[in-house]
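What follows is one structure encoded as structure tokens, with my remarks underneath.
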Amino acid sequence: MPLNRRKFLKKSAATGAGVAVAGAAAAPAQAAPRPPKPAKRYSLTVMGTTDLHGHVFNWDYFKDAEYSDKAGNAMGLARISTLVEQVRKEKGRCNTLLLDAGDTIQGTPLTYYYAKVDPITAKGGPVHPMAQAMNAIGYDAAALGNHEFNYGIETLRKFEDQLRFPLLGANAVDAKTLKPAFPPYFVKQFHVPGAPPVKVAVLGLTNPGIAIWDKAYVQGKLAFPGLEEQAAKWVPKLKALGADVVVVSAHSGSSGTSSYGDQVPYVENAAANVARQVPGIDAILVGHAHVEIPELKVTNEATGRTVVLSEPLCYAERLTLFDIELVFSKGRWEVESVAASLLNSNTVADDPKITRLLQDEHAKVVAYVNQVVGTATDTLTTVDARYKDAPIIDLITKVQEDVVKAALTGTEYAALPVIAQASPFSRTSEIPAGNVTIRDLSSLYVYDNTLVAKLMTGAQIRAYLEYSAEYFVQTAADAAVDVEKLTNANNRPDYNYDYVSGLRYEIDIAQAAGSRIRNLTYDGAALDDAQQFVLAVNNYRANGGGAFPYVASAKELWSESTEIRTRIAEWVTAKGVLDPKDFASVDWKLTRNGTPVF
């Protein structure tokens, strides 16, 4: 009679026991060691972008052509979408997280159009193209960037409403209550078969410079304390919530420097400081600085553990990958290793899903920027505007002078001379002879800055010019001049070098910084230190951007919310003809011991 399964097991157990007893009587048994259970492991990949600045497609709206540069880069969220899908396919969608580190809704005519021309804030208005693209790609969270505030809080809040993921900003707080004005963090659980889930917390941090750069929108409403102190406050809370992995998405560079000097008591580029000073962080997605950092390892001072930082290149040209390995040990998950790397957008094609989704919005903006608003008699270019007084920059200062003069008409300041500042933002802008379009003028002024009038003295203007002249590398009178090595001393960017119109002066680059401005005159006479001027200045500079002396604390006489770029387009449209004789003048030149460099 066959045994059923239960009887078989019972009989086997009894027989086995008998054998064991018999063996024990015969000789001492050597118990076979149990093989150790293999440790549970889990691999997680965190993907990251930053400083997208409105780039959906590999398209240059200013040139009306496919984007290209000398390095062969490609850009745009449509490319990032392709890369993200490749990673999800390789790693498993359920094992990945996608983050951004801020500066999303400003930077191209596409973002300008949906903030100002067909605004998302209008009743029944459109969904922002960046919201559409990022939702479609499936972002999990994004940090606030400083440029998120450029169009005001209403536009930012509407964009936030349109997203299917949180905008994080632990250090963006209500100015009165100091409570978070945006979600500080985001937590996601990852399922692991046969083990507890892995809990990943993402802390979002933004830039303290917002308090300066967008003062007009945020003053009295929002405050932006330092990244280090806020990370120190929130990371322990995330650990207390059971976070196994802590990732920070920080709209803050890694250099430890600040462009605004000591005007704000918090560091602008603080990501590496956070890694060093705050225990418990595993990885930091870095933004804001527009540099490429595949992997930067920083040792935490308290724990001795390595924190891995990575900054993908701006404009969606790169995608960061943090590959995080975890092991389940002593009843909890522990991060065993973190490695960072970058994927290049130029290795893939646009995702047709994103192309189909946003082709109509793209076409509208292409048509908008190609509107003809005037005719130019000469070709104007910024190619050598860094080191020669270029008529194309004089166009900016002329427009600013005219707008401020008109605004001050009838006030007690109407009789004061108006001078203006402008920077050579781009090295490739060109307004060709012939038809002038909105895109031609937009390429000249790539930022959404607005205009402010400040009251300054001659002495303050002199100090302002000396500070600006630090942009040039000291070059001896008998040394060869290489224009590629002449500028950007101490890594100062082009946008922190200013022309000032309405004055005449020389910049003697043979002299040490601080002693370079020579033969400074106004109206044919040596500048009177006590004379008062109205400086027409962009809001970034007026609020302290670049740390130029005196301007931030100077009395403000007038300001407006219309972009300087729009004012330039209005000026050209009203004139009809763009002729250098209406705006160009040689106000400054580089010299060495009195001899012109060019």
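Letters A, B, ... mark the chains of the structure tokens in the order given; residue numbers begin at 1 per chain; ligand numbers begin at 1, in order shown.
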Pick out the residues sitting within 10 Å of segment 297-311 of chain A, and hand them over as a PyMOL selection string; count only C-alpha atoms, and ignore anything fewer than 2 positions along from it in its own chain.
-> chain A and resi 48-51+101+247-250+253-254+271-295+313-314+318-322+337-342
From the set A:Leu590, A:Ala584, A:Val436, A:Ala136, which residue has the shortest atom-to-atom contact distance to Ala390 of chain A, counting only C-alpha atoms?
-> A:Ala584
Residues at most 8 Å from Thr45 of chain A, counting only C-alpha atoms, excluding those fewer than 3 positions away in the same chain, as a PyMOL selection string?
-> chain A and resi 91+95-97+321-324
Store the residues picked out above, limited to N, CA and C atoms, as a PDB file, in the first residue's frame.
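Printed below is again.pdb as written:
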ATOM      1  N   LYS A  91      17.724  49.182 -15.910  1.00  0.00           N
ATOM      2  CA  LYS A  91      17.741  48.997 -14.457  1.00  0.00           C
ATOM      3  C   LYS A  91      16.406  48.495 -13.903  1.00  0.00           C
ATOM      4  N   ASN A  95      13.230  50.549 -10.084  1.00  0.00           N
ATOM      5  CA  ASN A  95      14.485  50.719  -9.339  1.00  0.00           C
ATOM      6  C   ASN A  95      15.162  52.056  -9.637  1.00  0.00           C
ATOM      7  N   THR A  96      14.407  53.012 -10.159  1.00  0.00           N
ATOM      8  CA  THR A  96      14.988  54.304 -10.535  1.00  0.00           C
ATOM      9  C   THR A  96      14.177  55.466  -9.975  1.00  0.00           C
ATOM     10  N   LEU A  97      14.862  56.577  -9.872  1.00  0.00           N
ATOM     11  CA  LEU A  97      14.268  57.829  -9.396  1.00  0.00           C
ATOM     12  C   LEU A  97      14.787  58.925 -10.316  1.00  0.00           C
ATOM     13  N   LEU A 321      23.813  60.023 -13.351  1.00  0.00           N
ATOM     14  CA  LEU A 321      23.376  58.755 -12.766  1.00  0.00           C
ATOM     15  C   LEU A 321      24.114  58.551 -11.443  1.00  0.00           C
ATOM     16  N   PHE A 322      23.362  58.405 -10.365  1.00  0.00           N
ATOM     17  CA  PHE A 322      23.924  57.936  -9.100  1.00  0.00           C
ATOM     18  C   PHE A 322      23.545  56.459  -8.967  1.00  0.00           C
ATOM     19  N   ASP A 323      24.515  55.573  -9.036  1.00  0.00           N
ATOM     20  CA  ASP A 323      24.264  54.149  -8.827  1.00  0.00           C
ATOM     21  C   ASP A 323      24.567  53.835  -7.367  1.00  0.00           C
ATOM     22  N   ILE A 324      23.506  53.473  -6.639  1.00  0.00           N
ATOM     23  CA  ILE A 324      23.595  53.284  -5.190  1.00  0.00           C
ATOM     24  C   ILE A 324      23.384  51.812  -4.866  1.00  0.00           C
TER      25      ILE A 324
END
Using only C-alpha atoms, which residues sit within 8 Å of segment 568-578 of chain A once same-chain residues fewer than 5 positions away are excluded, as an NGL selection string?
-> :A and (373-377 or 396 or 399 or 438 or 441)
Extract, using only C-alpha atoms, all DNA, RNA and protein residues at most 10 Å from Ser426 of chain A, discarding same-chain residues fewer than 4 positions from it, and format them as a CSV table (one decimal) with N, CA, C and O atoms, in the first residue's frame.
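The result, stored in part.csv:
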chain,number,residue,atom,x,y,z
A,381,THR,N,27.5,93.1,-34.0
A,381,THR,CA,27.9,91.8,-33.4
A,381,THR,C,28.6,92.0,-32.0
A,381,THR,O,29.1,93.1,-31.8
A,382,THR,N,28.5,91.0,-31.2
A,382,THR,CA,29.1,91.0,-29.9
A,382,THR,C,30.5,90.3,-29.9
A,382,THR,O,31.1,90.0,-28.8
A,383,VAL,N,31.0,89.9,-31.0
A,383,VAL,CA,32.1,89.0,-31.1
A,383,VAL,C,33.3,89.6,-30.3
A,383,VAL,O,34.0,88.8,-29.6
A,385,ALA,N,33.0,92.3,-28.2
A,385,ALA,CA,32.4,93.3,-27.3
A,385,ALA,C,33.0,93.2,-25.9
A,385,ALA,O,32.9,94.2,-25.1
A,386,ARG,N,33.7,92.1,-25.6
A,386,ARG,CA,34.3,92.0,-24.2
A,386,ARG,C,35.5,93.0,-24.0
A,386,ARG,O,35.8,93.4,-22.9
A,430,GLU,N,24.3,88.4,-33.0
A,430,GLU,CA,24.5,89.2,-34.2
A,430,GLU,C,23.1,89.8,-34.6
A,430,GLU,O,22.1,89.0,-34.7
A,443,SER,N,18.4,87.6,-28.7
A,443,SER,CA,19.7,87.0,-28.5
A,443,SER,C,20.8,88.0,-27.9
A,443,SER,O,21.7,87.6,-27.3
A,444,LEU,N,20.5,89.2,-28.1
A,444,LEU,CA,21.4,90.3,-27.5
A,444,LEU,C,21.2,90.4,-26.0
A,444,LEU,O,22.1,90.6,-25.3
A,445,TYR,N,19.9,90.2,-25.6
A,445,TYR,CA,19.7,90.3,-24.1
A,445,TYR,C,19.0,89.0,-23.7
A,445,TYR,O,17.7,88.9,-23.7
A,446,VAL,N,19.8,88.0,-23.3
A,446,VAL,CA,19.3,86.7,-23.1
A,446,VAL,C,18.6,86.5,-21.7
A,446,VAL,O,17.9,85.5,-21.5
A,494,ASP,N,31.4,86.9,-18.1
A,494,ASP,CA,31.2,88.0,-18.9
A,494,ASP,C,30.0,88.9,-18.4
A,494,ASP,O,30.1,90.1,-18.5
A,495,TYR,N,29.0,88.3,-17.8
A,495,TYR,CA,27.8,89.1,-17.4
A,495,TYR,C,28.2,89.9,-16.1
A,495,TYR,O,27.3,90.7,-15.7
Apply DSSP to the structure's backbone, then extract all residues of segment 212-309 of chain A labelled alpha helix (DSSP H) and return them as a ChimeraX atom specification.
-> /A:212-213,215-218,227-240,271-277
Can you work out which one of A:Val245, A:Ala115, A:Val597, A:Met130 has the shortest atom-to-atom distance to Ile354 of chain A, counting only C-alpha atoms?
->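 Ranked by minimum distance to Ile354 of chain A, first place goes to A:Met130.
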Taking into account only C-alpha atoms, which residue in the set A:Pro236, A:Pro166, A:Gly152, A:Pro265 is nearest to Gly138 of chain A?
-> A:Pro166
Using only C-alpha atoms, pick whichever of A:Asp69, A:Lys239, A:Met47, A:Pro208 has the shortest atom-to-atom distance to Asp140 of chain A.
->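 Using only C-alpha atoms, the shortest distance to Asp140 of chain A belongs to A:Met47.
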Pick the closest to Thr397 of chain A from A:Glu85, A:Asp100, A:Glu268, A:Asp498: which is it, counting only C-alpha atoms?
-> A:Asp498
Would you mind telling me which residue in A:Pro109, A:Pro33, A:Pro432, A:Pro312 lies nearest to Ser345 of chain A when using only C-alpha atoms?
->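 With only C-alpha atoms as the atom set, the closest residue is A:Pro312.
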Backbone DSSP call of strand (DSSP E or B) for segment 395-559 of chain A, listed as a ChimeraX atom specification = /A:418-422,430-431,434-437,450-457,499-500,504-508,517-522,525-526,532-538,555-559
What are the closest atom pairs, with distances in Å to one decimal, for all residues of segment 144-174 of chain A lying within 12 Å of segment 186-196 of chain A? Consider only C-alpha atoms, order rows by chain and residue number, and present the result as JSON lines.
{"residue": "A:Phe165", "atom": "CA", "partner": "A:Phe186", "partner_atom": "CA", "distance": 9.4}
{"residue": "A:Pro166", "atom": "CA", "partner": "A:Phe186", "partner_atom": "CA", "distance": 7.5}
{"residue": "A:Leu167", "atom": "CA", "partner": "A:Phe186", "partner_atom": "CA", "distance": 9.3}
{"residue": "A:Leu168", "atom": "CA", "partner": "A:Phe186", "partner_atom": "CA", "distance": 7.7}
{"residue": "A:Gly169", "atom": "CA", "partner": "A:Phe186", "partner_atom": "CA", "distance": 10.5}
{"residue": "A:Ala170", "atom": "CA", "partner": "A:Phe186", "partner_atom": "CA", "distance": 10.6}
Who sits within 9 Å of Lys63 of chain A, only C-alpha atoms, same chain under 4 positions skipped, as a list in words |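 Close residues of Lys63 of chain A: Trp59, Tyr67, Arg439, Asp440 and Ser443 of chain A.
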